[in-house]
Amino acid sequence: MRLSKTTIDDLRSRLREGTEWGEGRFYAVKVKVGRFAEEEDFVMVLEDKHILTVKLFYGREPYWKPWAELFDIDTSFFESPAEDWLYRLLSDRFDRLFVEYYTDPKTMWELKKGVPVEETRLGKKLRDLGYVRFRDWYIPEGGREGGYKIQAER
């Protein structure tokens, strides 16, 4: 899947605009340049409180396909209306999604108990959005890979 300039611009705009969450607004307050020209980090907040960072890699044809990653996630994000909004927004544009889960107590507990990734709280949400292949990165390779995360792909 190739992301058009229009798709990327629309996504940037939607992240900056955000969505209502309880008494406040969940939105991108800052955009940082990523490690590569095709990568951006969006710092998402609820009013003034840091909630998470969304890393978007727009792909580099013919070698690498686009993907999105959510990391540095505040526990309040999980099971919130903002969680569903953001997954829908990203799933419409990315066939590969990574979500850190070590601050999601329910998913963390389910995985420790041996529940298959796609049957966890987080896995079910992603499966309902059309993702069909899952991987639990419970032992990241080190370096820049980050913490525990679920990888979901179409």
# chains A, B, ... in the order shown; residues from 1 in each chain; ligands from 1
call {"tool": "select_by_dssp", "arguments": {"residues": "chain A", "states": "helix (DSSP H, G or I)", "output": "ChimeraX atom specification"}}
result
/A:5-17,75-77,81-91,105-112,117-119,121-128,143-145
call {"tool": "closest_atom_pairs", "arguments": {"of": "stretch 49-149 of chain A", "to": "stretch 19-25 of chain A", "cutoff": "12 Å", "atoms": "only C-alpha atoms", "output": "CSV"}}
result
residue,atom,partner,partner_atom,distance
A:Lys49,CA,A:Gly24,CA,10.4
A:His50,CA,A:Arg25,CA,11.9
A:Ile51,CA,A:Arg25,CA,11.4
A:Ser76,CA,A:Trp21,CA,10.9
A:Phe77,CA,A:Trp21,CA,9.9
A:Glu79,CA,A:Trp21,CA,11.6
A:Ser80,CA,A:Trp21,CA,7.8
A:Pro81,CA,A:Trp21,CA,6.4
A:Ala82,CA,A:Trp21,CA,6.3
A:Glu83,CA,A:Trp21,CA,9.8
A:Asp84,CA,A:Thr19,CA,10.7
A:Trp85,CA,A:Thr19,CA,7.6
A:Leu86,CA,A:Thr19,CA,9.0
A:Leu89,CA,A:Thr19,CA,11.0
call {"tool": "write_last_selection", "arguments": {"atoms": "C-alpha atoms", "output": "PDB file, in the first residue's frame"}}
result
ATOM      1  CA  LYS A  49      -1.221  15.815  29.709  1.00  0.00           C
ATOM      2  CA  HIS A  50       1.063  13.631  27.563  1.00  0.00           C
ATOM      3  CA  ILE A  51      -0.867  10.524  26.481  1.00  0.00           C
ATOM      4  CA  SER A  76      -5.542   6.205  30.711  1.00  0.00           C
ATOM      5  CA  PHE A  77      -5.477   5.789  26.911  1.00  0.00           C
ATOM      6  CA  GLU A  79     -10.200   1.461  26.967  1.00  0.00           C
ATOM      7  CA  SER A  80     -10.899   5.144  26.235  1.00  0.00           C
ATOM      8  CA  PRO A  81     -12.863   6.639  23.313  1.00  0.00           C
ATOM      9  CA  ALA A  82      -9.552   8.068  22.051  1.00  0.00           C
ATOM     10  CA  GLU A  83      -8.121   4.555  21.726  1.00  0.00           C
ATOM     11  CA  ASP A  84     -10.900   3.481  19.360  1.00  0.00           C
ATOM     12  CA  TRP A  85     -10.713   6.764  17.400  1.00  0.00           C
ATOM     13  CA  LEU A  86      -6.953   6.502  16.864  1.00  0.00           C
ATOM     14  CA  LEU A  89      -7.879   6.494  11.925  1.00  0.00           C
TER      15      LEU A  89
END
call {"tool": "residues_around", "arguments": {"residues": "A:Tyr131", "least_positions_apart": "6", "cutoff": "10 Å", "atoms": "only C-alpha atoms", "output": "VMD selection string"}}
result
chain A and resid 91 95 to 97 118 123 to 125 151 to 154
call {"tool": "residues_around", "arguments": {"residues": "A:Glu17", "least_positions_apart": "5", "cutoff": "9 Å", "atoms": "only C-alpha atoms", "output": "VMD selection string"}}
result
chain A and resid 12 25 to 28
call {"tool": "atom_distance", "arguments": {"atom1": "atom CA of A:Leu90", "atom2": "atom CA of A:Arg14"}}
result
10.5 Å
call {"tool": "residues_around", "arguments": {"residues": "A:Asp41", "least_positions_apart": "3", "cutoff": "12 Å", "atoms": "only C-alpha atoms", "output": "ChimeraX atom specification"}}
result
/A:12,15,28-38,44,52-58,68-72
call {"tool": "atom_distance", "arguments": {"atom1": "atom CA of A:Thr7", "atom2": "atom CA of A:Arg93"}}
result
7.8 Å
call {"tool": "atom_distance", "arguments": {"atom1": "atom CA of A:Gly146", "atom2": "atom CA of A:Leu129"}}
result
24.0 Å
call {"tool": "select_by_dssp", "arguments": {"residues": "stretch 41-108 of chain A", "states": "strand (DSSP E)", "output": "list in words"}}
result
Asp41, Phe42, Val43, Met44, Val45, Leu46, Lys49, His50, Ile51, Leu52, Thr53, Val54, Lys55, Leu56, Phe57, Trp67, Ala68, Glu69, Leu70, Phe71, Arg96, Leu97, Phe98, Val99 and Glu100 of chain A
call {"tool": "residues_around", "arguments": {"residues": "A:Lys106", "least_positions_apart": "6", "cutoff": "10 Å", "atoms": "only C-alpha atoms", "output": "ChimeraX atom specification"}}
result
/A:78-79,112,120-122
call {"tool": "closest_residue", "arguments": {"among": "A:Arg60, A:Phe134, A:Pro105, A:Thr6", "to": "A:Glu119", "atoms": "only C-alpha atoms"}}
result
A:Phe134
